[in-house]
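As structure tokens, the structure follows; a few thoughts come after it.
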Amino acid sequence: MNPLDTAAQSGRSASQASHGHGATGSSIGSVAPVGYEGPMTAGRKIKAYVALTKPRIIELLLVATVPTMIFAQQGMPNFWLILNTLIGGSLAAGAAGAFNCYIDRNEDRLMKRTARRPLVTGEVGDREALVFAWVLSAVAVAWLTIGVSVLCGVLGVIAIALYAVFYSIILKRRTAQNIVWGGIAGCMPVLIGWAAVRGTIEWPAWCCSCSSSCGRRRTTGRCP
């Protein structure tokens with residue numbers, strides 16, 4: 001083949017590629033950014049908001065609620081009381097988790113373990129997460145107050161504050177023992193469950209709460 005013809009053909013191929021035509025151009029034009037999972041759909045957005053609440057932690061917290069209520073009642077409590085307590089407790093725990101994700105968003109962007117969290121991937125914006133956490137907190141406190149008791153509503157506020165402020169803002173930035181002492185926030189479902197049934201917090205509730213806290217510390221090898 002004539003060298004001039006070969007050069008001309010190569011030039012046409014390069015021109016097509018630069019305009020997004022041909023196999024090479026198509027491949028370059030369709031390259032997606034790292035972590036790209038397609039367009040933001042309603043389902044994906046809802047899933048991202050759910051992830052903000054840290055569902056696995058909610059499950060662990062609620063495991064202690066029903067047994068505590070049964071122990072306080074010395075039998076099976078009213079079904080609707082259990083349901084309202086679990087819903088309110090789940091909302092409160094979810095609100096605390098959302099606050100934690102917002103507070104730790106900059107640190108999460110630096111770690112591989114947290115690289116898939118909604119605030120890191122951009123599926124939920126910082127402002128959206130903060131508004132979501134506040135709204136969820138208000139709904140949680142209202143649900144516990146109206147559906148269970150005023151005392152449970154107050155305990156819900158304390159639970160959210162312990163995790164969002166005491167654990168996320170104070171402990172995590174000042175001591176390596178944050179998980180040990182942060183377990184105090186995880187004891188709140190025990191107190192809420194007891195208060196839902198008895199209308200007060202009695203010494204057995206504190207004993208169960210301390211036992212739960214000690215169990216969490218034992219997992220870190222530092223049970224006093």
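The way I read the labels, and the way they are meant: chains A, B, ... in the order of the structure tokens, residue 1 as the first residue of every chain, and ligand 1 as the first ligand shown, with later ones counted on from there.
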Exercise for the section: Tell me which protein, DNA and RNA residues are within 9 Å of Leu91 (chain A), counting only C-alpha atoms, leaving out same-chain ones fewer than 6 positions away, and put them as a list of chain:residue names. Expected result: A:Thr53, A:Ile58, A:Leu136, A:Ser137, A:Val139, A:Ala140, A:Val141, A:Trp143
Practice task
Find the residue from A:Phe99, A:Val165, A:Gly89, A:Val190 that sits nearest to Ala142 (chain A); use only C-alpha atoms when measuring.
Solution key: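 Result for the nearest residue to Ala142 (chain A): A:Gly89.
Put simply, CA of Arg117 (chain A) is 7.5 Å away from CA of Leu52 (chain A).
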Handout entry: Spatial neighbours of Val124 (chain A), 8 Å, only C-alpha atoms, chain gap at least 3 places, as a PyMOL selection string
Key = chain A and resi 45+48-49+118-119+121+128-129
Grab the residues selected above and save them as a PDB file, in the first residue's frame with N, CA and C atoms.
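Below is the file part_13.pdb, written as the result:
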ATOM      1  N   LYS A  45     -32.110   6.201  46.188  1.00  0.00           N
ATOM      2  CA  LYS A  45     -32.072   7.288  47.154  1.00  0.00           C
ATOM      3  C   LYS A  45     -32.606   6.820  48.509  1.00  0.00           C
ATOM      4  N   ALA A  48     -30.137   4.676  50.214  1.00  0.00           N
ATOM      5  CA  ALA A  48     -29.046   5.466  50.785  1.00  0.00           C
ATOM      6  C   ALA A  48     -29.445   6.077  52.122  1.00  0.00           C
ATOM      7  N   TYR A  49     -30.675   6.578  52.203  1.00  0.00           N
ATOM      8  CA  TYR A  49     -31.153   7.145  53.469  1.00  0.00           C
ATOM      9  C   TYR A  49     -31.235   6.068  54.548  1.00  0.00           C
ATOM     10  N   PRO A 118     -23.180   6.568  52.204  1.00  0.00           N
ATOM     11  CA  PRO A 118     -23.889   7.498  51.306  1.00  0.00           C
ATOM     12  C   PRO A 118     -23.280   8.891  51.193  1.00  0.00           C
ATOM     13  N   LEU A 119     -22.752   9.417  52.290  1.00  0.00           N
ATOM     14  CA  LEU A 119     -22.163  10.749  52.235  1.00  0.00           C
ATOM     15  C   LEU A 119     -20.821  10.745  51.513  1.00  0.00           C
ATOM     16  N   THR A 121     -20.121   8.485  48.909  1.00  0.00           N
ATOM     17  CA  THR A 121     -20.420   8.249  47.495  1.00  0.00           C
ATOM     18  C   THR A 121     -21.173   9.408  46.852  1.00  0.00           C
ATOM     19  N   GLU A 128     -28.611  17.296  53.223  1.00  0.00           N
ATOM     20  CA  GLU A 128     -29.721  16.339  53.238  1.00  0.00           C
ATOM     21  C   GLU A 128     -29.607  15.402  54.438  1.00  0.00           C
ATOM     22  N   ALA A 129     -28.408  14.944  54.711  1.00  0.00           N
ATOM     23  CA  ALA A 129     -28.198  14.031  55.837  1.00  0.00           C
ATOM     24  C   ALA A 129     -28.498  14.709  57.163  1.00  0.00           C
TER      25      ALA A 129
END
Practice task
Quick one: everything within 8 Å of Ser90 (chain A), counting only C-alpha atoms, minus sequence neighbours fewer than 2 positions away in the same chain. Send it as a list in words.
Solution key: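 Surrounding residues, per the criterion: Ile58, Leu62, Leu86, Ile87, Gly88, Ala92, Ala93, Gly94 and Ala140 of chain A.
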Problem - Which residue of A:Val131, A:Arg198, A:Ala115, A:Gly153 approaches Gln74 (chain A) most closely, using only C-alpha atoms - result: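 Using only C-alpha atoms, Gln74 (chain A) sits closest to A:Arg198.
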Fill in the blank from the handout: Students should find that CA of Leu191 (chain A) and CA of Ala72 (chain A) are spaced 10.5 Å
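For the choices A:Leu81, A:Ile70, A:Leu130, A:Met40, the atom-to-atom distance to Gly147 (chain A) is smallest for A:Leu81 when using only C-alpha atoms.
With distances restricted to only C-alpha atoms, A:Ile103 is the closest residue to Tyr167 (chain A) from A:Ile103, A:Leu110, A:Pro55, A:Ala196.
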Practice task
Please provide the set of residues having any atom within 9 Å of Met69 (chain A), restricted to only C-alpha atoms, with same-chain residues fewer than 3 positions apart removed, written as number ranges by chain.
Solution key: A: 64-66, 72-77, 82, 190, 192-198
